[in-house]
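For reference, entry10.txt (compact mmCIF, C-alpha atoms):
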```
# COMPACT_ATOMS: atom_id res chain seq x y z
CA MET A 1 60.65 114.38 91.32
CA GLN A 2 63.16 112.05 92.82
CA PHE A 3 65.13 109.48 90.89
CA SER A 4 67.35 106.72 92.11
CA VAL A 5 70.65 106.52 90.28
CA LEU A 6 72.95 103.54 90.06
CA VAL A 7 76.44 104.20 88.70
CA ASP A 8 78.21 101.01 87.62
CA ILE A 9 81.93 101.78 87.33
CA ARG A 10 84.49 99.51 85.72
CA LEU A 11 88.02 99.83 84.38
CA ARG A 12 88.23 100.74 80.70
CA GLY A 13 89.23 98.12 78.18
CA GLY A 14 93.01 97.86 77.96
CA ILE A 15 93.55 98.99 81.55
CA SER A 16 94.92 96.11 83.58
CA ASP A 17 92.62 94.87 86.35
CA PRO A 18 94.82 93.13 88.94
CA ALA A 19 91.90 92.61 91.32
CA GLY A 20 89.78 90.91 88.64
CA ALA A 21 92.71 88.78 87.47
CA THR A 22 93.45 87.67 91.03
CA VAL A 23 89.82 86.65 91.64
CA GLU A 24 89.75 84.79 88.32
CA ARG A 25 92.95 82.91 89.14
CA ALA A 26 91.51 81.82 92.48
CA LEU A 27 88.30 80.35 91.04
CA PRO A 28 89.64 76.95 89.84
CA VAL A 29 91.32 76.43 93.21
CA LEU A 30 87.88 76.79 94.80
CA GLY A 31 86.34 74.38 92.31
CA TYR A 32 84.65 76.94 90.04
CA GLU A 33 85.48 76.06 86.45
CA GLY A 34 84.70 77.75 83.15
CA ILE A 35 84.50 81.30 84.47
CA VAL A 36 86.43 83.95 82.53
CA GLY A 37 86.42 87.70 82.10
CA VAL A 38 86.22 88.57 85.79
CA THR A 39 86.44 92.31 86.41
CA VAL A 40 86.22 94.16 89.70
CA GLY A 41 84.61 97.58 89.71
CA LYS A 42 82.41 99.57 92.03
CA THR A 43 78.87 100.85 92.24
CA ILE A 44 77.63 104.11 93.64
CA ARG A 45 73.95 104.74 94.41
CA PHE A 46 72.26 108.02 95.17
CA THR A 47 68.95 109.85 94.95
CA ILE A 48 68.66 112.94 92.83
CA GLU A 49 65.96 115.60 92.56
CA ALA A 50 65.19 116.59 88.96
CA ALA A 51 62.32 117.82 86.79
CA ASP A 52 62.16 114.65 84.75
CA ALA A 53 64.09 111.49 83.94
CA GLU A 54 66.11 113.14 81.19
CA ALA A 55 67.21 115.98 83.46
CA ALA A 56 68.13 113.45 86.15
CA ARG A 57 70.18 111.47 83.65
CA VAL A 58 72.00 114.54 82.36
CA ALA A 59 72.87 115.72 85.88
CA ALA A 60 73.99 112.25 86.97
CA ALA A 61 76.09 111.83 83.83
CA GLU A 62 77.82 115.15 84.41
CA LEU A 63 78.56 114.21 88.04
CA THR A 64 79.83 110.81 86.95
CA GLU A 65 82.12 112.27 84.32
CA SER A 66 83.53 115.09 86.45
CA PHE A 67 83.85 113.40 89.84
CA LEU A 68 82.64 109.84 90.35
CA THR A 69 84.93 108.35 87.71
CA ASN A 70 88.36 109.07 86.36
CA PRO A 71 87.74 108.92 82.59
CA VAL A 72 91.42 108.11 82.01
CA ILE A 73 90.94 104.63 83.46
CA GLU A 74 87.22 104.13 84.14
CA ASP A 75 83.94 103.78 82.27
CA ALA A 76 80.49 103.86 83.80
CA ASP A 77 76.91 102.85 83.00
CA LEU A 78 74.04 104.76 84.56
CA THR A 79 70.67 103.40 85.56
CA VAL A 80 68.14 106.12 86.42
CA GLU A 81 64.75 105.17 87.82
CA PRO A 82 61.93 107.31 89.21
CA ILE A 83 61.16 106.72 92.86
CA SER A 84 58.45 109.33 93.42
CA PRO A 85 55.02 107.71 93.66
CA GLU A 86 53.44 110.31 91.35
CA SER A 87 55.91 109.42 88.63
CA ASP A 88 54.42 108.65 85.24
CA THR A 89 57.63 107.85 83.36
CA MET B 1 115.70 135.11 102.80
CA SER B 2 115.66 131.45 101.95
CA THR B 3 113.45 129.88 99.35
CA VAL B 4 110.02 129.04 100.72
CA ILE B 5 108.34 125.82 99.67
CA GLY B 6 104.68 125.45 100.57
CA VAL B 7 103.51 121.97 101.55
CA VAL B 8 99.77 121.43 101.09
CA VAL B 9 98.02 119.61 103.94
CA PHE B 10 94.70 117.84 103.39
CA PRO B 11 92.83 115.85 106.02
CA GLY B 12 94.64 112.51 105.82
CA THR B 13 97.96 113.84 104.52
CA ASN B 14 100.78 112.22 106.48
CA CYS B 15 104.07 113.15 104.83
CA GLU B 16 103.92 116.91 105.25
CA MET B 17 106.51 117.11 108.04
CA ASP B 18 108.88 114.80 106.15
CA ALA B 19 108.72 117.30 103.30
CA VAL B 20 109.20 120.32 105.55
CA GLU B 21 112.16 118.65 107.31
CA ALA B 22 113.80 117.80 103.99
CA VAL B 23 113.37 121.33 102.65
CA ASP B 24 114.63 122.90 105.88
CA GLY B 25 117.58 120.51 105.99
CA LEU B 26 118.67 121.65 102.54
CA GLY B 27 118.60 125.33 103.43
CA GLY B 28 115.09 126.21 102.32
CA THR B 29 112.04 126.95 104.40
CA GLY B 30 109.12 124.56 104.39
CA ARG B 31 105.75 126.09 105.15
CA LEU B 32 102.52 124.18 105.66
CA LEU B 33 99.52 125.32 103.61
CA TRP B 34 96.01 124.28 104.68
CA HIS B 35 93.82 122.76 101.95
CA GLY B 36 90.93 125.09 102.81
CA ASP B 37 92.94 128.22 102.06
CA ASP B 38 92.71 129.66 98.58
CA ASP B 39 96.04 131.41 99.03
CA LEU B 40 99.59 130.11 98.76
CA SER B 41 100.98 132.98 100.89
CA GLY B 42 103.59 133.90 98.32
CA VAL B 43 105.58 130.66 98.42
CA ASP B 44 108.24 130.04 95.76
CA ALA B 45 107.27 126.44 95.04
CA VAL B 46 104.68 123.90 96.14
CA ILE B 47 104.91 120.29 97.26
CA VAL B 48 101.71 118.25 97.31
CA PRO B 49 102.85 115.57 99.75
CA GLY B 50 101.97 111.95 100.36
CA GLY B 51 99.32 110.40 102.54
CA PHE B 52 95.67 109.55 102.11
CA ALA B 53 93.98 112.86 101.40
CA HIS B 54 90.30 112.68 102.40
CA GLY B 55 90.89 109.00 103.18
CA ASP B 56 91.46 108.28 99.47
CA TYR B 57 87.70 107.58 99.34
CA LEU B 58 86.26 107.23 95.85
CA ARG B 59 89.76 107.34 94.31
CA PRO B 60 93.08 108.70 95.57
CA GLY B 61 93.10 112.43 94.94
CA ALA B 62 89.51 112.56 93.68
CA ILE B 63 88.18 114.71 96.51
CA ALA B 64 91.39 116.58 97.30
CA ARG B 65 91.51 118.14 93.88
CA PHE B 66 88.40 120.19 94.64
CA SER B 67 90.10 121.91 97.60
CA PRO B 68 90.49 125.69 97.49
CA ALA B 69 94.24 125.20 97.87
CA MET B 70 94.31 123.11 94.70
CA GLU B 71 92.66 125.93 92.75
CA ALA B 72 95.47 128.16 93.98
CA VAL B 73 98.05 125.49 93.08
CA ALA B 74 96.58 125.24 89.57
CA ARG B 75 96.85 129.01 89.10
CA PHE B 76 100.42 128.94 90.45
CA ALA B 77 101.33 126.09 88.08
CA THR B 78 99.76 127.82 85.09
CA ALA B 79 101.84 130.89 85.89
CA GLY B 80 104.98 128.71 85.74
CA GLY B 81 105.52 128.09 89.45
CA PRO B 82 107.31 124.84 90.35
CA VAL B 83 104.92 122.20 91.72
CA VAL B 84 105.87 118.68 92.76
CA GLY B 85 103.39 115.98 93.73
CA ILE B 86 104.82 113.09 95.71
CA CYS B 87 102.94 109.79 95.95
CA ASN B 88 99.40 110.79 96.96
CA GLY B 89 100.33 114.27 95.71
CA PHE B 90 101.07 112.76 92.28
CA GLN B 91 97.63 111.15 92.36
CA VAL B 92 96.08 114.51 93.27
CA LEU B 93 97.86 116.27 90.39
CA THR B 94 96.66 113.68 87.84
CA GLU B 95 93.11 113.92 89.15
CA ALA B 96 93.36 117.71 88.90
CA GLY B 97 94.43 117.41 85.27
CA LEU B 98 97.77 119.12 85.96
CA LEU B 99 99.56 115.95 84.87
CA PRO B 100 98.48 113.33 82.32
CA GLY B 101 97.58 109.72 83.07
CA ALA B 102 96.38 108.05 86.24
CA LEU B 103 97.64 105.84 89.04
CA GLN B 104 95.91 102.52 89.51
CA LYS B 105 96.37 99.59 91.88
CA ASN B 106 99.80 97.96 91.90
CA SER B 107 99.90 94.99 89.54
CA GLY B 108 100.79 92.66 92.42
CA LEU B 109 97.90 93.99 94.55
CA LYS B 110 100.30 94.58 97.42
CA PHE B 111 100.98 97.74 99.35
CA LEU B 112 104.67 98.36 98.67
CA CYS B 113 106.87 99.94 101.33
CA ARG B 114 110.55 99.57 100.53
CA PRO B 115 113.48 101.28 98.82
CA ALA B 116 113.23 101.45 95.03
CA THR B 117 115.87 102.32 92.49
CA VAL B 118 114.92 105.01 90.01
CA ARG B 119 116.88 106.37 87.07
CA VAL B 120 116.89 110.05 86.20
CA GLU B 121 115.70 110.31 82.58
CA THR B 122 115.81 114.05 82.06
CA THR B 123 117.27 117.04 83.85
CA ASN B 124 114.81 119.34 82.15
CA SER B 125 112.23 119.53 84.94
CA SER B 126 111.71 121.44 88.17
CA LEU B 127 112.69 118.32 90.15
CA THR B 128 115.78 117.15 88.32
CA GLY B 129 117.70 120.27 87.25
CA SER B 130 120.69 119.45 89.48
CA ALA B 131 120.66 115.71 88.84
CA SER B 132 122.45 113.82 86.05
CA VAL B 133 120.72 111.84 83.32
CA GLY B 134 121.26 108.14 83.98
CA ALA B 135 121.92 108.61 87.70
CA GLU B 136 120.35 105.82 89.73
CA LEU B 137 118.84 106.86 93.04
CA SER B 138 117.67 104.74 95.97
CA ILE B 139 114.41 106.29 97.15
CA PRO B 140 111.63 104.65 99.16
CA ILE B 141 108.23 103.88 97.74
CA ASN B 142 105.16 103.58 99.94
CA HIS B 143 101.98 103.01 97.96
CA PHE B 144 99.15 100.73 96.91
CA GLU B 145 98.05 102.70 93.87
CA GLY B 146 101.28 103.63 92.13
CA ASN B 147 100.81 101.77 88.87
CA TYR B 148 101.07 104.59 86.34
CA THR B 149 98.92 104.25 83.27
CA CYS B 150 97.93 106.39 80.30
CA ASP B 151 96.69 105.83 76.76
CA GLU B 152 99.12 104.99 73.94
CA ARG B 153 98.96 108.47 72.45
CA THR B 154 99.82 110.11 75.77
CA LEU B 155 102.68 107.66 76.28
CA GLU B 156 104.09 108.49 72.82
CA GLN B 157 103.81 112.17 73.65
CA LEU B 158 105.56 111.74 77.01
CA ARG B 159 108.41 109.88 75.29
CA ASP B 160 108.69 112.25 72.33
CA GLU B 161 108.67 115.33 74.53
CA ASP B 162 111.18 113.91 77.05
CA ARG B 163 108.61 114.19 79.83
CA ILE B 164 109.32 110.89 81.58
CA VAL B 165 111.35 112.28 84.46
CA LEU B 166 112.14 109.08 86.40
CA ARG B 167 111.93 105.38 85.55
CA TYR B 168 112.11 102.43 87.92
CA VAL B 169 115.06 100.08 87.64
CA GLY B 170 113.15 96.86 88.39
CA ASN B 171 109.52 97.86 88.01
CA PRO B 172 107.83 97.27 91.39
CA ASN B 173 104.20 98.06 90.59
CA GLY B 174 103.45 97.42 86.90
CA SER B 175 103.72 101.05 85.77
CA ILE B 176 103.61 101.43 82.00
CA ASP B 177 107.09 101.86 80.53
CA ASP B 178 108.57 101.66 84.09
CA ILE B 179 107.40 105.23 84.72
CA ALA B 180 108.06 106.53 88.24
CA GLY B 181 107.61 110.23 87.49
CA VAL B 182 106.43 112.55 84.72
CA CYS B 183 106.22 116.27 84.11
CA ASN B 184 103.78 118.57 82.33
CA GLU B 185 104.42 120.23 78.99
CA ALA B 186 105.91 123.34 80.61
CA ARG B 187 108.10 121.06 82.78
CA ASN B 188 107.36 123.00 85.99
CA VAL B 189 104.87 120.44 87.34
CA VAL B 190 106.31 117.05 88.27
CA GLY B 191 104.66 114.03 89.85
CA LEU B 192 106.43 110.95 91.20
CA MET B 193 105.49 107.97 93.34
CA PRO B 194 108.82 107.56 95.24
CA HIS B 195 109.42 109.72 98.32
CA PRO B 196 112.62 111.81 97.88
CA GLU B 197 111.81 113.70 101.10
CA ARG B 198 112.35 110.44 102.98
CA ALA B 199 115.80 109.97 101.50
CA CYS B 200 117.48 113.19 102.59
CA ASN B 201 119.18 112.05 105.79
CA GLU B 202 121.77 109.35 106.47
CA LEU B 203 119.64 108.19 109.40
CA LEU B 204 116.94 107.17 106.93
CA GLY B 205 119.28 104.98 104.93
CA SER B 206 119.73 107.15 101.83
CA THR B 207 120.41 110.73 100.93
CA ASP B 208 119.71 110.15 97.24
CA GLY B 209 116.53 112.22 97.43
CA SER B 210 118.50 115.36 98.31
CA VAL B 211 119.47 116.08 94.71
CA LEU B 212 115.78 116.19 93.77
CA ILE B 213 114.68 118.45 96.63
CA ARG B 214 117.73 120.64 95.96
CA SER B 215 116.70 120.87 92.31
CA LEU B 216 113.26 122.03 93.38
CA LEU B 217 114.80 124.67 95.66
CA GLU B 218 116.91 125.89 92.75
CA ALA B 219 113.95 125.93 90.37
CA ALA B 220 112.07 127.99 92.95
CA ALA B 221 114.82 130.49 93.72
```
Would you encode the structure as structure tokens?
Amino acid sequence: MQFSVLVDIRLRGGISDPAGATVERALPVLGYEGIVGVTVGKTIRFTIEAADAEAARVAAAELTESFLTNPVIEDADLTVEPISPESDT
Amino acid sequence: MSTVIGVVVFPGTNCEMDAVEAVDGLGGTGRLLWHGDDDLSGVDAVIVPGGFAHGDYLRPGAIARFSPAMEAVARFATAGGPVVGICNGFQVLTEAGLLPGALQKNSGLKFLCRPATVRVETTNSSLTGSASVGAELSIPINHFEGNYTCDERTLEQLRDEDRIVLRYVGNPNGSIDDIAGVCNEARNVVGLMPHPERACNELLGSTDGSVLIRSLLEAAA
């Protein structure tokens, strides 16, 4: 079965986010008020072949931990969804 | 025979010849090592030079650390061999887990390319054995992601174990505790963002980097 994986990567709490801070500072200048907590991260999408959703999640999590993120500075959330038509999960 | 320092070349590395020139100019022999080779050809020390290995895609150093050459560098480092990562090389060594912490975007979000002043904080490392504690060196920086960061516990450990090798005088990039370079526990692996290999010739405006490259040659001999 194939699963689509979305990896949502952001800087860990306590790690400074100069890109997010710069965007946030620019907002009032552009007329956008009342917006706080801007963070800039990245997303990675891919398709993975696995026996079931749990196996897909485990494999994607291992890949995320070992390669797609640097756990010293980054956290990630995974979204795993079946894309095969015969899927029953 | 002179001391041979291997300089690892990845696709996208761009400071390898600067490193070779600096080593050669100080009486050593610089030898290029291809990232695809799982063999350091018996070199006495290794420099992982600056540039944009594998385009810095994903994160600086993230892809480079899986190179066969990096496996060989890790074995060499574990055996006590002197290894220095400069700029992108520092990023590669942190990604490879050979040095603690990580390098994130400069706090000012600007690519910085200018001379920086760094202070030697310890002479107990493969890069600073011939330097003097407190010496201030003018060495160029050339990076966008040079903002060193690590967790509090790691920072305490680096301080307690005298593993902060160089600090900036006038922090250019937001690095925690003004850190410009650190070493591993065994003190044979050093990473730094400034480029000492580009400060080894009067023509380049400073020869302050020579004492660091000379220290590496001595550590390797």
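With only C-alpha atoms as the atoms that count, the residue of B:Leu99, B:Ala45, B:Ala131, B:Ala72 with the shortest distance to chain A is B:Leu99.
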Exercise for review: Hey, list the chain A side of the contact with chain B: 8 Å cut-off, all atoms listed in the file, answer as a PyMOL selection string.
Suggested key: chain A and resi 15-19+67-68+70+72-73
Within 7 Å of Asn142 in chain B using all atoms listed in the file, minus same-chain residues under 6 positions, as a PDB file with C-alpha atoms, in the coordinates of the input:
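Listing of result07.pdb after writing:
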```
ATOM      1  CA  LEU B 112     104.670  98.360  98.670  1.00  0.00           C
ATOM      2  CA  CYS B 113     106.870  99.940 101.330  1.00  0.00           C
ATOM      3  CA  ARG B 114     110.550  99.570 100.530  1.00  0.00           C
TER       4      ARG B 114
END
```
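CA of Met1 in chain A to CA of Tyr57 in chain B spans 29.0 Å [interatomic distance, one decimal].
Near Met70 in chain B, within a cut-off of 10 Å and counting only C-alpha atoms, sit the residues Val8, His35, Gly36, Asp37, Asp38, Asp39, Leu40, Val48, Ala64, Arg65, Phe66, Ser67, Val73, Ala74, Arg75, Phe76, Val92, Leu93 and Ala96 of chain B, with same-chain residues fewer than 3 positions away left out.
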Practice item. Find the residues near Gly51 in chain B: any atom within 8 Å, counting all atoms listed in the file, skip ones fewer than 3 places away on the same chain, and give them as number ranges by chain. Key: B: 12-15, 87-89
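Between CA of Arg10 in chain A and CA of Thr39 in chain A lies a distance of 7.5 Å.
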Point to revise | Near-range 74-76 of chain A list (10 Å; only C-alpha atoms; drop same-chain fewer than 6 positions) as a PyMOL selection string | key: chain A and resi 6-13+15+41-43+61+64-65+68
Study note, to complete from the structure: Students should find that CA of Val133 in chain B and CA of Leu166 in chain B are spaced 9.5 Å
Using all atoms listed in the file, find each residue of range 95-125 of chain B with at least one atom at most 9 Å away from an atom of range 193-197 of chain B; report its shortest atom-to-atom pair and that distance in Å (one decimal), sort the rows by chain and rising residue number, and return the result as a tab-separated table.
```
residue	atom	partner	partner_atom	distance
B:Pro115	CA	B:Pro194	CA	8.6
B:Ala116	CA	B:Pro194	CA	7.5
B:Val118	CA	B:Pro194	CA	8.4
```
Review point. Which polymer residues, protein or nucleic acid, are no farther than 8 Å from (70.7, 101.9, 84.3), counting only C-alpha atoms, as JSON, numbers by chain?
Key: {"A": [5, 6, 7, 77, 78, 79, 80, 81]}
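With distances taken over all atoms listed in the file, B:Val211 is the one residue among B:Cys183, B:Val211, B:Val169, B:Gly80 lying closest to Ser132 in chain B.
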Point to revise | Distance query 6 Å from (114.2, 108.3, 99.0) using all atoms listed in the file, result as a ChimeraX atom specification | key: /B:138-140,195-196,198-199,209
Point to revise | Near-Met1 in chain B list (12 Å; all atoms listed in the file; drop same-chain fewer than 5 positions) as a ChimeraX atom specification | key: /B:27-29,43-44,221
Please rebuild range 81-104 of chain B with N, CA and C atoms and give the result as an mmCIF file, in the frame of the given file.
```cif
data_model
loop_
_atom_site.group_PDB
_atom_site.id
_atom_site.type_symbol
_atom_site.label_atom_id
_atom_site.label_comp_id
_atom_site.auth_asym_id
_atom_site.auth_seq_id
_atom_site.Cartn_x
_atom_site.Cartn_y
_atom_site.Cartn_z
ATOM 1 N N GLY B 81 104.930 128.423 88.152
ATOM 2 C CA GLY B 81 105.520 128.090 89.450
ATOM 3 C C GLY B 81 105.835 126.608 89.555
ATOM 4 N N PRO B 82 106.961 126.261 90.200
ATOM 5 C CA PRO B 82 107.310 124.840 90.350
ATOM 6 C C PRO B 82 106.373 124.125 91.325
ATOM 7 N N VAL B 83 105.827 122.997 90.889
ATOM 8 C CA VAL B 83 104.920 122.200 91.720
ATOM 9 C C VAL B 83 105.350 120.733 91.613
ATOM 10 N N VAL B 84 105.514 120.102 92.771
ATOM 11 C CA VAL B 84 105.870 118.680 92.760
ATOM 12 C C VAL B 84 104.848 117.904 93.594
ATOM 13 N N GLY B 85 104.299 116.868 93.013
ATOM 14 C CA GLY B 85 103.390 115.980 93.730
ATOM 15 C C GLY B 85 104.085 114.675 94.019
ATOM 16 N N ILE B 86 104.142 114.319 95.302
ATOM 17 C CA ILE B 86 104.820 113.090 95.710
ATOM 18 C C ILE B 86 103.786 112.070 96.160
ATOM 19 N N CYS B 87 103.807 110.900 95.550
ATOM 20 C CA CYS B 87 102.940 109.790 95.950
ATOM 21 C C CYS B 87 101.465 110.208 95.860
ATOM 22 N N ASN B 88 100.781 110.346 96.995
ATOM 23 C CA ASN B 88 99.400 110.790 96.960
ATOM 24 C C ASN B 88 99.288 112.155 96.252
ATOM 25 N N GLY B 89 100.322 112.968 96.388
ATOM 26 C CA GLY B 89 100.330 114.270 95.710
ATOM 27 C C GLY B 89 100.357 114.108 94.194
ATOM 28 N N PHE B 90 101.053 113.079 93.716
ATOM 29 C CA PHE B 90 101.070 112.760 92.280
ATOM 30 C C PHE B 90 99.648 112.381 91.844
ATOM 31 N N GLN B 91 98.996 111.556 92.668
ATOM 32 C CA GLN B 91 97.630 111.150 92.360
ATOM 33 C C GLN B 91 96.704 112.374 92.312
ATOM 34 N N VAL B 92 96.899 113.294 93.246
ATOM 35 C CA VAL B 92 96.080 114.510 93.270
ATOM 36 C C VAL B 92 96.298 115.327 91.990
ATOM 37 N N LEU B 93 97.556 115.446 91.573
ATOM 38 C CA LEU B 93 97.860 116.270 90.390
ATOM 39 C C LEU B 93 97.296 115.640 89.105
ATOM 40 N N THR B 94 97.270 114.298 89.026
ATOM 41 C CA THR B 94 96.660 113.680 87.840
ATOM 42 C C THR B 94 95.146 113.873 87.870
ATOM 43 N N GLU B 95 94.556 113.717 89.045
ATOM 44 C CA GLU B 95 93.110 113.920 89.150
ATOM 45 C C GLU B 95 92.741 115.367 88.799
ATOM 46 N N ALA B 96 93.617 116.291 89.166
ATOM 47 C CA ALA B 96 93.360 117.710 88.900
ATOM 48 C C ALA B 96 93.629 118.074 87.441
ATOM 49 N N GLY B 97 94.156 117.130 86.682
ATOM 50 C CA GLY B 97 94.430 117.410 85.270
ATOM 51 C C GLY B 97 95.706 118.212 85.063
ATOM 52 N N LEU B 98 96.514 118.382 86.115
ATOM 53 C CA LEU B 98 97.770 119.120 85.960
ATOM 54 C C LEU B 98 98.867 118.234 85.383
ATOM 55 N N LEU B 99 98.655 116.915 85.486
ATOM 56 C CA LEU B 99 99.560 115.950 84.870
ATOM 57 C C LEU B 99 98.726 114.896 84.152
ATOM 58 N N PRO B 100 99.250 114.318 83.075
ATOM 59 C CA PRO B 100 98.480 113.330 82.320
ATOM 60 C C PRO B 100 98.487 111.963 83.012
ATOM 61 N N GLY B 101 97.593 111.088 82.588
ATOM 62 C CA GLY B 101 97.580 109.720 83.070
ATOM 63 C C GLY B 101 96.851 109.555 84.385
ATOM 64 N N ALA B 102 97.026 108.369 84.969
ATOM 65 C CA ALA B 102 96.380 108.050 86.240
ATOM 66 C C ALA B 102 97.201 106.990 86.950
ATOM 67 N N LEU B 103 96.955 106.855 88.246
ATOM 68 C CA LEU B 103 97.640 105.840 89.040
ATOM 69 C C LEU B 103 96.617 104.804 89.467
ATOM 70 N N GLN B 104 96.838 103.556 89.085
ATOM 71 C CA GLN B 104 95.910 102.520 89.510
ATOM 72 C C GLN B 104 96.605 101.540 90.451
#
```
